[in-house]
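Printed here is protein.csv (CSV, C-alpha atoms):
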```
chain,number,residue,atom,x,y,z
R,1,MET,CA,-20.1,-13.4,54.2
R,2,SER,CA,-19.0,-15.3,51.1
R,3,GLU,CA,-22.3,-14.4,49.5
R,4,ALA,CA,-21.5,-10.7,50.1
R,5,ILE,CA,-18.0,-11.1,48.6
R,6,PHE,CA,-19.5,-12.9,45.6
R,7,GLY,CA,-22.1,-10.1,45.3
R,8,VAL,CA,-19.5,-7.4,45.3
R,9,ILE,CA,-17.3,-9.3,42.8
R,10,GLY,CA,-20.4,-9.9,40.6
R,11,THR,CA,-21.2,-6.2,40.8
R,12,ILE,CA,-17.6,-5.2,39.9
R,13,ILE,CA,-17.5,-7.7,37.0
R,14,GLY,CA,-20.9,-6.5,35.8
R,15,THR,CA,-19.8,-2.9,36.0
R,16,ILE,CA,-16.6,-3.5,34.1
R,17,LEU,CA,-18.4,-5.6,31.5
R,18,GLY,CA,-21.1,-3.0,31.1
R,19,PHE,CA,-18.4,-0.3,30.7
R,20,MET,CA,-16.6,-2.3,28.1
R,21,LEU,CA,-19.7,-3.0,26.1
R,22,SER,CA,-20.7,0.6,26.2
R,23,GLU,CA,-17.2,1.7,25.0
R,24,TRP,CA,-17.3,-0.9,22.2
R,25,ALA,CA,-20.8,0.3,21.1
R,26,THR,CA,-19.6,3.9,21.2
R,27,ARG,CA,-16.6,3.1,19.1
R,28,GLN,CA,-18.6,1.1,16.6
R,29,ARG,CA,-21.0,4.1,16.2
R,30,GLU,CA,-18.0,6.5,15.8
R,31,GLU,CA,-16.5,4.2,13.1
R,32,ARG,CA,-19.7,4.1,11.2
R,33,THR,CA,-20.0,7.9,11.4
R,34,GLU,CA,-16.4,8.3,10.2
R,35,LYS,CA,-16.9,5.9,7.3
R,36,ARG,CA,-20.1,7.8,6.2
R,37,GLN,CA,-18.3,11.1,6.5
R,38,THR,CA,-15.3,9.7,4.5
R,39,ARG,CA,-17.6,8.4,1.7
R,40,ALA,CA,-19.5,11.7,1.6
R,41,ILE,CA,-16.3,13.7,1.3
R,42,HIS,CA,-14.9,11.4,-1.3
R,43,THR,CA,-18.2,11.6,-3.3
R,44,MET,CA,-18.4,15.4,-3.1
R,45,LEU,CA,-14.8,15.7,-4.3
R,46,ARG,CA,-15.4,13.2,-7.1
R,47,LEU,CA,-18.5,15.1,-8.3
R,48,GLU,CA,-16.6,18.4,-8.2
R,49,ILE,CA,-13.9,16.9,-10.4
R,50,ASP,CA,-16.4,15.4,-12.8
R,51,GLN,CA,-18.0,18.8,-13.2
R,52,ASN,CA,-14.6,20.4,-13.9
R,53,LEU,CA,-13.7,17.7,-16.4
R,54,ALA,CA,-17.1,18.1,-18.2
R,55,LEU,CA,-16.4,21.9,-18.4
R,56,LEU,CA,-12.9,21.2,-19.8
R,57,ARG,CA,-14.2,18.7,-22.4
R,58,ASP,CA,-16.8,21.2,-23.6
R,59,PHE,CA,-14.4,24.1,-23.7
R,60,TRP,CA,-11.7,22.0,-25.4
R,61,SER,CA,-14.1,20.7,-28.1
R,62,LYS,CA,-15.2,24.3,-28.9
R,63,VAL,CA,-11.5,25.4,-29.1
R,64,ASN,CA,-10.6,22.4,-31.4
R,65,GLN,CA,-13.2,22.8,-34.1
R,66,VAL,CA,-10.5,22.4,-36.6
R,67,ASP,CA,-10.3,24.2,-39.9
R,68,GLU,CA,-9.0,21.5,-42.2
R,69,SER,CA,-8.0,24.0,-44.9
R,70,GLU,CA,-4.9,25.1,-42.9
R,71,GLN,CA,-1.9,23.1,-44.0
R,72,ASP,CA,0.8,24.6,-41.8
R,73,PRO,CA,0.6,23.0,-38.4
R,74,ASN,CA,2.1,26.2,-36.7
R,75,LEU,CA,-0.5,28.4,-38.3
R,76,ALA,CA,-3.2,25.9,-37.3
R,77,CYS,CA,-2.0,26.1,-33.7
R,78,LEU,CA,-2.1,29.9,-33.8
R,79,HIS,CA,-5.7,29.8,-35.2
R,80,LEU,CA,-6.6,27.5,-32.3
R,81,ALA,CA,-4.9,29.8,-29.8
R,82,ARG,CA,-6.9,32.7,-31.2
R,83,ARG,CA,-10.1,30.7,-31.0
R,84,MET,CA,-9.2,29.8,-27.4
R,85,VAL,CA,-8.8,33.4,-26.5
R,86,GLY,CA,-12.2,34.2,-28.1
R,87,LEU,CA,-13.9,31.8,-25.7
R,88,PRO,CA,-14.3,32.4,-22.0
R,89,VAL,CA,-12.3,30.0,-19.9
R,90,PRO,CA,-14.5,27.9,-17.7
R,91,HIS,CA,-14.8,28.8,-14.0
R,92,TRP,CA,-13.2,25.8,-12.4
R,93,CYS,CA,-14.8,24.8,-9.1
R,94,HIS,CA,-12.4,24.2,-6.2
R,95,THR,CA,-14.9,24.7,-3.4
R,96,MET,CA,-15.0,21.2,-2.0
R,97,TRP,CA,-11.3,20.7,-2.5
R,98,LYS,CA,-10.5,23.9,-0.5
R,99,SER,CA,-13.2,23.5,2.1
R,100,GLN,CA,-12.5,19.9,3.0
R,101,THR,CA,-8.7,20.4,3.4
R,102,PRO,CA,-8.6,19.4,7.1
R,103,LEU,CA,-10.5,16.2,6.4
R,104,LEU,CA,-8.6,15.1,3.3
R,105,VAL,CA,-6.2,12.9,5.3
R,106,VAL,CA,-9.2,10.9,6.6
R,107,ALA,CA,-11.1,10.7,3.3
R,108,LEU,CA,-8.3,10.2,0.8
R,109,SER,CA,-5.2,8.2,0.5
R,110,GLU,CA,-1.9,10.1,0.1
R,111,GLU,CA,-1.8,9.2,-3.6
R,112,GLU,CA,-5.3,10.4,-4.1
R,113,ILE,CA,-4.5,13.7,-2.4
R,114,LYS,CA,-1.5,14.1,-4.7
R,115,GLN,CA,-3.5,13.3,-7.9
R,116,VAL,CA,-6.4,15.6,-7.0
R,117,HIS,CA,-4.0,18.4,-6.0
R,118,ASP,CA,-2.2,18.0,-9.4
R,119,LEU,CA,-5.5,18.1,-11.3
R,120,HIS,CA,-6.6,21.3,-9.6
R,121,ASN,CA,-3.2,22.9,-10.3
R,122,ARG,CA,-3.4,21.9,-13.9
R,123,LEU,CA,-6.9,23.5,-14.3
R,124,ASP,CA,-5.5,26.7,-12.8
R,125,ALA,CA,-2.5,26.5,-15.2
R,126,ILE,CA,-5.0,26.3,-18.2
R,127,ALA,CA,-6.7,29.5,-16.9
R,128,ALA,CA,-3.3,31.2,-16.5
R,129,ILE,CA,-2.3,30.3,-20.0
R,130,HIS,CA,-5.6,31.6,-21.4
R,131,SER,CA,-5.0,34.8,-19.5
R,132,LYS,CA,-1.5,35.1,-21.0
R,133,LEU,CA,-2.8,34.4,-24.5
R,134,SER,CA,-5.5,37.0,-24.1
R,135,ALA,CA,-2.9,39.6,-23.1
R,136,LEU,CA,-0.7,38.7,-26.1
R,137,ARG,CA,-3.8,38.9,-28.4
R,138,SER,CA,-4.6,42.3,-27.1
R,139,GLU,CA,-1.1,43.5,-27.7
R,140,GLN,CA,-1.3,42.1,-31.3
R,141,ARG,CA,-4.6,43.9,-31.9
R,142,GLU,CA,-3.0,47.1,-30.7
R,143,GLU,CA,-0.2,46.6,-33.1
R,144,SER,CA,-2.6,45.9,-35.9
R,145,ARG,CA,-4.4,49.1,-35.3
R,146,ALA,CA,-1.1,51.0,-35.2
R,147,THR,CA,0.0,49.5,-38.6
R,148,GLY,CA,-3.3,50.8,-40.0
R,149,THR,CA,-2.2,54.4,-39.4
R,150,LYS,CA,0.6,56.0,-41.3
R,151,MET,CA,4.0,54.8,-40.1
R,152,ASP,CA,7.5,55.2,-41.3
R,153,ILE,CA,9.5,52.2,-42.5
R,154,MET,CA,11.1,51.7,-39.1
R,155,GLN,CA,7.8,51.6,-37.2
R,156,THR,CA,6.4,49.2,-39.8
R,157,TRP,CA,9.4,46.8,-39.3
R,158,ALA,CA,9.1,47.1,-35.5
R,159,ALA,CA,5.4,46.2,-35.7
R,160,ILE,CA,6.1,43.2,-37.9
R,161,GLY,CA,8.7,42.0,-35.4
R,162,ARG,CA,6.3,42.3,-32.5
R,163,SER,CA,3.7,40.4,-34.5
R,164,LYS,CA,6.2,37.6,-35.0
R,165,GLU,CA,7.0,37.7,-31.3
R,166,PHE,CA,3.3,37.2,-30.6
R,167,SER,CA,3.3,34.2,-32.9
R,168,ARG,CA,6.3,32.7,-31.2
R,169,ASN,CA,5.0,33.3,-27.7
R,170,ALA,CA,1.4,32.2,-28.5
R,171,LEU,CA,2.6,29.1,-30.2
R,172,GLY,CA,4.6,28.0,-27.1
R,173,LEU,CA,1.8,28.8,-24.8
R,174,TRP,CA,-0.7,27.0,-27.0
R,175,MET,CA,1.5,23.9,-27.0
R,176,GLU,CA,1.9,24.0,-23.2
R,177,CYS,CA,-1.9,24.4,-22.8
R,178,GLU,CA,-2.6,21.5,-25.2
R,179,ARG,CA,-0.1,19.3,-23.3
R,180,ILE,CA,-1.8,20.1,-20.0
R,181,VAL,CA,-5.3,19.6,-21.3
R,182,ARG,CA,-4.4,16.3,-22.8
R,183,LYS,CA,-2.8,15.1,-19.6
R,184,VAL,CA,-5.8,16.1,-17.5
R,185,LEU,CA,-8.3,14.5,-19.9
R,186,ASP,CA,-6.2,11.3,-20.4
R,187,LYS,CA,-5.9,10.8,-16.6
R,188,GLY,CA,-9.5,11.6,-16.0
R,189,ASN,CA,-11.0,11.7,-12.5
R,190,PRO,CA,-8.5,10.2,-10.0
R,191,LEU,CA,-11.4,9.4,-7.7
R,192,GLN,CA,-13.6,7.8,-10.3
R,193,ASP,CA,-14.6,4.1,-10.2
R,194,GLN,CA,-12.7,3.3,-7.0
R,195,THR,CA,-14.3,1.4,-4.2
R,196,HIS,CA,-13.3,3.4,-1.3
R,197,ASN,CA,-12.7,1.1,1.6
R,198,GLY,CA,-13.6,3.6,4.3
R,199,ARG,CA,-10.0,4.2,5.0
```

Represent the structure contained in this file as structure tokens.
Amino acid sequence: MSEAIFGVIGTIIGTILGFMLSEWATRQREERTEKRQTRAIHTMLRLEIDQNLALLRDFWSKVNQVDESEQDPNLACLHLARRMVGLPVPHWCHTMWKSQTPLLVVALSEEEIKQVHDLHNRLDAIAAIHSKLSALRSEQREESRATGTKMDIMQTWAAIGRSKEFSRNALGLWMECERIVRKVLDKGNPLQDQTHNGR
């Protein structure tokens, strides 16, 4: 009878031990899968940001081909704003950022999420400023065409006033855009050169 009891106890212990080992192995497998997924998401987001930063650097270098002959800094800024409007704004890629939203809490730290979110918002702000500058430039061109036709003195003064308004608005927008671009380029990729500890 004691052999039967020991047999039952051994079976129970073996079953419990087998169950625990199976659960441990399953958990280890899940953790490895989660770490791989976290690294993959982190890498895809980092590559997307690298691509956007490369587009921004290229765009900004084309905009800032400075004409050294311009002595007045405000006029130089207006020339740069006009040059910016003449170039197509890059199409920023937000695909990975938007598509991985549910998994960001697993793949990134809270600080990384804030920094990447800020970067994407700043890229969109650059595009919005480009759009506003384009609209102002179109208005200025319309005014230039209108001044080419016969106008009375009042219409001429009104057109000059609107041209000055363009310069004032464009200058402010340009300065804001320049501030944003410098901040984005100075900060660089918030996910770059970080050993991700598989959080």

Report task. For range 92-105 of chain R, work out the shell of residues within 9 Å, counting only C-alpha atoms and skipping chain neighbours fewer than 4 positions away, then give it as a ChimeraX atom specification. Result -> /R:38,41-42,44-45,48-49,51-52,55-56,109-110,113,116-117,120,123-124,127

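Atom to atom, CA of His91 in chain R and CA of Arg137 in chain R stand 20.7 Å apart.
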
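Note that the spacing between CA of Glu112 in chain R and CA of Arg32 in chain R amounts to 21.9 Å.
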
Query - Between CA of Asp50 in chain R and CA of Ser134 in chain R - distance in Å to one decimal - result: 26.7 Å

Report task. Go through R:Ile180, R:Leu87, R:Leu133, R:Ile12 and flag the residue nearest Asn121 in chain R, using all atoms listed in the file for the distances. Result ->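 Among R:Ile180, R:Leu87, R:Leu133, R:Ile12, it is R:Ile180 that comes nearest to Asn121 in chain R.
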